Amino acid sequence: MQTHRWLRPAGLLSLLALGLSGCEFAGPQSIFDTAGPIAEAQRDLFVWSYQLSWIVVIGVFGVMGYVIWRFRQRKGSDAIPKQFHGNTALEIWLTIIPVIIVIAVAVPTVRTIFATETRVVPDEDAVIVNVTGYQWWWRFEYPELGIVTANELVIPTDRQVVVNLDSADVLHSFWVPRLAGKRDMIPNQNNQLHFTADEPGEYYGQCAELCLGAHAYMKFRVIATDDAEFDAWATSFQEAADRTVQADPQIQQGEALFATKGCATCHTIDGYRDDVRVGTPDFPNLTNFGLRNTIAAAVVDNTQANLEQWLRDPQSIKPGNRMPAVWDTNDPNADEEIAAVAAYLRSLGVEPATQTQASIGANHGDR
Ligand code: CUA
């Protein structure tokens, strides 16, 4: 069947409209709403190249349209328009103009490449983080601070952050659109990226390389705080091993279940009972879990209800993930035990009195 001729431009227009409506200029993952110098330099280069492209498009199509109209064949005339082959002045201009365009793109491009270059010598007060991608979550290790955590990268503002990127399995890609362009995470290849956040806030991160299964749910958050809040956060991790379990009976029950239900086989909690071997590095470290804003690699907020749902049926929150459902659907104790484990996890790193309050960075707006 032949498509009506008028349908074709209509189809193109609707595609264009669809494309434009999908553009978010100020969303939490918008590269246009930059929050640091690296992302800003990259955006500026993009916008400049884009604008220049429009000048070229308008110029080329303008001249073409003019020529088609001006030298169109007229009724009753078979005359060929005047030919200008071999016009030296014209050919010189037709060479000079593209060279100017190439220079106009190349100079800022090279400048931006050097300004955003990786393999930098880190600033003296830089924060170094070894990031490892897993199907489908993020391990964040601060080697200088002795901290290992997952899915939430806490950083101080106005200080350089250098991330060393690695993968434990397939290819992933580290991307925090408002802070810096994406970079691949390749097993055994130490890629690097550095960025700085200008303002305190919560910045959305996303794996940008199709890594099968729950790739679309492989998110994370960068939480930028001032220096004092960052130091308090770091200290809280360093002290985690010495902290005692809160006296609340539900939390105590959850602590016991963490071992007996097998959670401790995979997940590390610094300071968890000495008689239980806790976790391996290949699963999210849950130390100070109560300080996190989100769970399941930033898929949902860290609330008691969400965490219970996550423990009861992980696939209902993050399809494809590898967390097993620990409780049988017909286990009569499931509800009580799940609530206890959730309460225990949410108590980690949190003072009893403030436990119901929002965790770190949550007051900085949810962008
Ligand atoms: Cu990891 Cu996509």
# chains A, B, ... in the order shown; residues from 1 in each chain; ligands from 1
>>> residues_near_ligand(ligand="ligand 1", cutoff="6 Å", atoms="only C-alpha atoms and all ligand atoms", output="list in words")
Gln135, Trp136, His172, Cys207, Ala208, Glu209, Leu210, Cys211, His215 and Met218 of chain A
>>> residues_around(residues="stretch 155-157 of chain A", least_positions_apart="2", cutoff="7 Å", atoms="only C-alpha atoms", output="PyMOL selection string")
chain A and resi 153+159+196-200+223-227+230
>>> select_by_dssp(residues="stretch 41-264 of chain A", states="alpha helix (DSSP H)", output="count of residues only")
84
>>> residues_around(residues="stretch 47-52 of chain A", least_positions_apart="3", cutoff="12 Å", atoms="only C-alpha atoms", output="ChimeraX atom specification")
/A:31-32,40-44,55-59,98,100-109,112
>>> select_by_dssp(residues="stretch 280-343 of chain A", states="strand (DSSP E or B)", output="list in words")
Thr294, Ile295, Val300 and Asp301 of chain A
>>> write_last_selection(atoms="N, CA, C and O atoms", output="short mmCIF file (atom, residue, chain, number, x, y, z; two decimals), in the first residue's frame")
data_model
loop_
_atom_site.label_atom_id
_atom_site.label_comp_id
_atom_site.auth_asym_id
_atom_site.auth_seq_id
_atom_site.Cartn_x
_atom_site.Cartn_y
_atom_site.Cartn_z
N THR A 294 17.83 6.64 49.72
CA THR A 294 17.15 5.76 48.76
C THR A 294 17.56 4.32 48.98
O THR A 294 18.55 4.04 49.65
N ILE A 295 16.79 3.42 48.39
CA ILE A 295 17.18 2.00 48.42
C ILE A 295 17.11 1.42 47.01
O ILE A 295 16.56 2.05 46.10
N VAL A 300 13.81 3.67 44.81
CA VAL A 300 12.74 4.25 45.65
C VAL A 300 13.36 4.87 46.90
O VAL A 300 14.50 4.58 47.26
N ASP A 301 12.58 5.73 47.55
CA ASP A 301 13.05 6.39 48.77
C ASP A 301 13.20 5.39 49.90
O ASP A 301 12.50 4.38 49.96
#
>>> residues_around(residues="A:Arg277", least_positions_apart="2", cutoff="9 Å", atoms="only C-alpha atoms", output="MDAnalysis selection string")
chainID A and resid 264:265 268 272:275 279
>>> closest_residue(among="A:Asp270, A:Phe237, A:Trp137, A:Asp166", to="A:Lys318", atoms="only C-alpha atoms")
A:Trp137
>>> atom_distance(atom1="atom CA of A:Leu212", atom2="atom CA of A:Ser173")
12.7 Å
>>> closest_residue(among="A:Arg70, A:Met323, A:Ala342, A:Phe289", to="A:Ala305", atoms="only C-alpha atoms")
A:Ala342
>>> residues_around(residues="A:Lys261", least_positions_apart="6", cutoff="10 Å", atoms="only C-alpha atoms", output="list in words")
Gly254, Val326, Trp327, Glu337 and Val341 of chain A
>>> write_last_selection(atoms="C-alpha atoms", output="mmCIF file, in the first residue's frame")
data_model
loop_
_atom_site.group_PDB
_atom_site.id
_atom_site.type_symbol
_atom_site.label_atom_id
_atom_site.label_comp_id
_atom_site.auth_asym_id
_atom_site.auth_seq_id
_atom_site.Cartn_x
_atom_site.Cartn_y
_atom_site.Cartn_z
ATOM 1 C CA GLY A 254 15.872 -7.355 63.260
ATOM 2 C CA VAL A 326 13.965 -14.385 51.598
ATOM 3 C CA TRP A 327 10.519 -14.966 53.066
ATOM 4 C CA GLU A 337 10.180 -10.300 60.680
ATOM 5 C CA VAL A 341 14.816 -6.274 59.657
#
>>> closest_residue(among="A:Gly271, A:Pro143, A:Pro81, A:Gly133", to="A:Ile68", atoms="only C-alpha atoms")
A:Pro81
>>> atom_distance(atom1="atom CA of A:Lys219", atom2="atom CA of A:Val299")
6.8 Å
>>> residues_around(residues="A:Ala325", least_positions_apart="4", cutoff="10 Å", atoms="only C-alpha atoms", output="mmCIF file with N, CA and C atoms, in the first residue's frame")
data_model
loop_
_atom_site.group_PDB
_atom_site.id
_atom_site.type_symbol
_atom_site.label_atom_id
_atom_site.label_comp_id
_atom_site.auth_asym_id
_atom_site.auth_seq_id
_atom_site.Cartn_x
_atom_site.Cartn_y
_atom_site.Cartn_z
ATOM 1 N N TRP A 310 10.615 -4.016 49.602
ATOM 2 C CA TRP A 310 11.850 -4.489 48.963
ATOM 3 C C TRP A 310 12.273 -5.843 49.519
ATOM 4 N N LEU A 311 12.185 -5.993 50.858
ATOM 5 C CA LEU A 311 12.590 -7.251 51.486
ATOM 6 C C LEU A 311 11.597 -8.369 51.155
ATOM 7 N N ARG A 312 10.310 -7.995 51.058
ATOM 8 C CA ARG A 312 9.286 -9.009 50.805
ATOM 9 C C ARG A 312 9.370 -9.502 49.366
ATOM 10 N N ASP A 313 9.471 -8.564 48.424
ATOM 11 C CA ASP A 313 9.436 -8.930 47.004
ATOM 12 C C ASP A 313 10.294 -7.956 46.185
ATOM 13 N N PRO A 314 11.612 -8.201 46.193
ATOM 14 C CA PRO A 314 12.525 -7.250 45.520
ATOM 15 C C PRO A 314 12.164 -7.007 44.053
ATOM 16 N N GLN A 315 11.647 -8.053 43.376
ATOM 17 C CA GLN A 315 11.362 -7.900 41.942
ATOM 18 C C GLN A 315 10.231 -6.904 41.691
ATOM 19 N N THR A 329 5.904 -16.617 50.783
ATOM 20 C CA THR A 329 4.683 -15.806 50.795
ATOM 21 C C THR A 329 3.713 -16.273 51.872
#
>>> atom_distance(atom1="atom CA of A:Trp69", atom2="atom CA of A:His85")
20.0 Å
>>> residues_around(residues="A:Val129", least_positions_apart="6", cutoff="9 Å", atoms="only C-alpha atoms", output="ChimeraX atom specification")
/A:140-144,153,161-165
>>> write_last_selection(atoms="N, CA, C and O atoms", output="tab-separated table (two decimals), in the first residue's frame")
chain	number	residue	atom	x	y	z
A	140	PHE	N	30.92	2.27	46.24
A	140	PHE	CA	31.73	3.47	46.39
A	140	PHE	C	32.70	3.26	47.55
A	140	PHE	O	32.29	3.08	48.70
A	141	GLU	N	33.98	3.28	47.23
A	141	GLU	CA	35.01	3.11	48.26
A	141	GLU	C	35.86	4.38	48.34
A	141	GLU	O	36.36	4.85	47.31
A	142	TYR	N	35.96	4.90	49.53
A	142	TYR	CA	36.80	6.09	49.76
A	142	TYR	C	38.09	5.57	50.40
A	142	TYR	O	38.15	5.41	51.63
A	143	PRO	N	39.13	5.29	49.59
A	143	PRO	CA	40.32	4.61	50.14
A	143	PRO	C	40.99	5.42	51.24
A	143	PRO	O	41.52	4.84	52.19
A	144	GLU	N	40.98	6.75	51.12
A	144	GLU	CA	41.69	7.55	52.12
A	144	GLU	C	40.92	7.66	53.43
A	144	GLU	O	41.48	8.01	54.46
A	153	LEU	N	26.73	8.50	46.68
A	153	LEU	CA	28.08	9.05	46.70
A	153	LEU	C	28.01	10.41	47.40
A	153	LEU	O	27.53	11.38	46.81
A	161	VAL	N	36.38	16.03	43.04
A	161	VAL	CA	36.12	14.62	43.31
A	161	VAL	C	36.72	13.83	42.15
A	161	VAL	O	36.42	14.11	40.99
A	162	VAL	N	37.62	12.91	42.46
A	162	VAL	CA	38.22	12.09	41.42
A	162	VAL	C	37.67	10.67	41.59
A	162	VAL	O	37.86	10.06	42.64
A	163	VAL	N	36.97	10.18	40.57
A	163	VAL	CA	36.44	8.81	40.68
A	163	VAL	C	37.24	7.89	39.75
A	163	VAL	O	37.44	8.19	38.57
A	164	ASN	N	37.74	6.80	40.34
A	164	ASN	CA	38.41	5.76	39.56
A	164	ASN	C	37.36	4.71	39.24
A	164	ASN	O	36.75	4.15	40.14
A	165	LEU	N	37.15	4.47	37.95
A	165	LEU	CA	36.00	3.67	37.54
A	165	LEU	C	36.39	2.27	37.11
A	165	LEU	O	37.28	2.09	36.28
>>> decode(residues="stretch 141-249 of chain A", atoms="C-alpha atoms", output="JSON list (two decimals), in the first residue's frame")
[["chain", "number", "residue", "atom", "x", "y", "z"],
["A", 141, "GLU", "CA", 35.01, 3.11, 48.26],
["A", 142, "TYR", "CA", 36.80, 6.09, 49.76],
["A", 143, "PRO", "CA", 40.32, 4.61, 50.14],
["A", 144, "GLU", "CA", 41.69, 7.55, 52.12],
["A", 145, "LEU", "CA", 38.80, 7.53, 54.58],
["A", 146, "GLY", "CA", 38.37, 3.78, 54.92],
["A", 147, "ILE", "CA", 34.72, 3.96, 53.87],
["A", 148, "VAL", "CA", 32.82, 1.50, 51.69],
["A", 149, "THR", "CA", 29.23, 2.23, 50.81],
["A", 150, "ALA", "CA", 26.77, 1.72, 47.96],
["A", 151, "ASN", "CA", 24.56, 3.69, 45.62],
["A", 152, "GLU", "CA", 24.93, 7.06, 47.32],
["A", 153, "LEU", "CA", 28.08, 9.05, 46.70],
["A", 154, "VAL", "CA", 28.43, 11.71, 49.39],
["A", 155, "ILE", "CA", 30.84, 14.50, 48.45],
["A", 156, "PRO", "CA", 31.79, 17.91, 49.76],
["A", 157, "THR", "CA", 30.95, 20.91, 47.56],
["A", 158, "ASP", "CA", 33.65, 23.04, 45.96],
["A", 159, "ARG", "CA", 36.22, 20.28, 46.22],
["A", 160, "GLN", "CA", 37.46, 18.17, 43.36],
["A", 161, "VAL", "CA", 36.12, 14.62, 43.31],
["A", 162, "VAL", "CA", 38.22, 12.09, 41.42],
["A", 163, "VAL", "CA", 36.44, 8.81, 40.68],
["A", 164, "ASN", "CA", 38.41, 5.76, 39.56],
["A", 165, "LEU", "CA", 36.00, 3.67, 37.54],
["A", 166, "ASP", "CA", 36.00, -0.10, 37.34],
["A", 167, "SER", "CA", 33.49, -2.85, 36.72],
["A", 168, "ALA", "CA", 33.11, -6.22, 38.42],
["A", 169, "ASP", "CA", 31.24, -7.82, 35.54],
["A", 170, "VAL", "CA", 30.00, -6.26, 32.28],
["A", 171, "LEU", "CA", 30.39, -2.75, 30.89],
["A", 172, "HIS", "CA", 28.67, 0.03, 32.81],
["A", 173, "SER", "CA", 28.91, 3.78, 32.47],
["A", 174, "PHE", "CA", 29.10, 6.39, 35.20],
["A", 175, "TRP", "CA", 26.93, 9.42, 34.51],
["A", 176, "VAL", "CA", 25.78, 12.30, 36.67],
["A", 177, "PRO", "CA", 24.39, 14.58, 33.96],
["A", 178, "ARG", "CA", 24.38, 17.78, 36.01],
["A", 179, "LEU", "CA", 27.98, 17.30, 37.18],
["A", 180, "ALA", "CA", 29.96, 15.63, 34.40],
["A", 181, "GLY", "CA", 29.69, 13.72, 31.15],
["A", 182, "LYS", "CA", 29.50, 9.97, 31.18],
["A", 183, "ARG", "CA", 32.49, 7.62, 31.25],
["A", 184, "ASP", "CA", 32.62, 3.89, 30.61],
["A", 185, "MET", "CA", 33.37, 1.43, 33.36],
["A", 186, "ILE", "CA", 35.36, -1.43, 31.91],
["A", 187, "PRO", "CA", 36.65, -4.44, 33.86],
["A", 188, "ASN", "CA", 40.37, -4.11, 34.61],
["A", 189, "GLN", "CA", 40.66, -0.75, 32.92],
["A", 190, "ASN", "CA", 40.96, 2.06, 35.40],
["A", 191, "ASN", "CA", 39.05, 4.86, 33.70],
["A", 192, "GLN", "CA", 38.84, 8.10, 35.56],
["A", 193, "LEU", "CA", 36.59, 11.11, 35.82],
["A", 194, "HIS", "CA", 36.72, 14.22, 37.94],
["A", 195, "PHE", "CA", 34.14, 16.82, 38.78],
["A", 196, "THR", "CA", 33.16, 19.40, 41.34],
["A", 197, "ALA", "CA", 29.72, 20.31, 42.65],
["A", 198, "ASP", "CA", 29.16, 24.04, 43.10],
["A", 199, "GLU", "CA", 26.13, 23.81, 45.36],
["A", 200, "PRO", "CA", 24.92, 21.42, 48.05],
["A", 201, "GLY", "CA", 22.21, 19.20, 46.65],
["A", 202, "GLU", "CA", 21.16, 15.80, 45.48],
["A", 203, "TYR", "CA", 22.23, 14.94, 41.96],
["A", 204, "TYR", "CA", 20.85, 12.02, 40.01],
["A", 205, "GLY", "CA", 23.21, 9.46, 38.53],
["A", 206, "GLN", "CA", 22.45, 6.71, 36.07],
["A", 207, "CYS", "CA", 24.28, 3.84, 34.42],
["A", 208, "ALA", "CA", 24.57, 4.88, 30.79],
["A", 209, "GLU", "CA", 25.72, 1.63, 29.21],
["A", 210, "LEU", "CA", 23.23, -1.14, 28.49],
["A", 211, "CYS", "CA", 24.23, -3.78, 31.04],
["A", 212, "LEU", "CA", 21.23, -6.12, 30.61],
["A", 213, "GLY", "CA", 18.61, -6.97, 33.23],
["A", 214, "ALA", "CA", 17.96, -4.07, 35.53],
["A", 215, "HIS", "CA", 20.13, -1.57, 33.60],
["A", 216, "ALA", "CA", 17.41, 1.09, 33.59],
["A", 217, "TYR", "CA", 17.18, 0.75, 37.38],
["A", 218, "MET", "CA", 20.92, 1.07, 37.91],
["A", 219, "LYS", "CA", 20.76, 4.53, 39.33],
["A", 220, "PHE", "CA", 22.58, 6.32, 42.10],
["A", 221, "ARG", "CA", 22.65, 9.66, 43.87],
["A", 222, "VAL", "CA", 25.45, 12.11, 44.41],
["A", 223, "ILE", "CA", 24.81, 14.02, 47.61],
["A", 224, "ALA", "CA", 26.85, 17.19, 47.87],
["A", 225, "THR", "CA", 27.15, 18.70, 51.34],
["A", 226, "ASP", "CA", 29.26, 21.39, 52.96],
["A", 227, "ASP", "CA", 32.60, 20.39, 54.49],
["A", 228, "ALA", "CA", 31.26, 20.07, 58.04],
["A", 229, "GLU", "CA", 28.39, 17.80, 57.02],
["A", 230, "PHE", "CA", 30.75, 15.70, 54.89],
["A", 231, "ASP", "CA", 33.21, 15.30, 57.77],
["A", 232, "ALA", "CA", 30.38, 14.29, 60.10],
["A", 233, "TRP", "CA", 29.21, 11.73, 57.55],
["A", 234, "ALA", "CA", 32.75, 10.31, 57.19],
["A", 235, "THR", "CA", 33.28, 10.18, 60.96],
["A", 236, "SER", "CA", 29.98, 8.39, 61.36],
["A", 237, "PHE", "CA", 31.33, 5.63, 59.10],
["A", 238, "GLN", "CA", 34.65, 5.45, 60.90],
["A", 239, "GLU", "CA", 32.81, 5.02, 64.20],
["A", 240, "ALA", "CA", 30.27, 2.53, 62.87],
["A", 241, "ALA", "CA", 32.26, -0.50, 64.03],
["A", 242, "ASP", "CA", 32.05, 0.61, 67.66],
["A", 243, "ARG", "CA", 28.38, 1.44, 67.68],
["A", 244, "THR", "CA", 25.89, -0.63, 69.67],
["A", 245, "VAL", "CA", 22.50, -1.79, 68.49],
["A", 246, "GLN", "CA", 19.64, 0.40, 69.62],
["A", 247, "ALA", "CA", 17.64, -0.85, 72.61],
["A", 248, "ASP", "CA", 14.30, -0.98, 70.77],
["A", 249, "PRO", "CA", 13.08, -4.65, 70.86]]
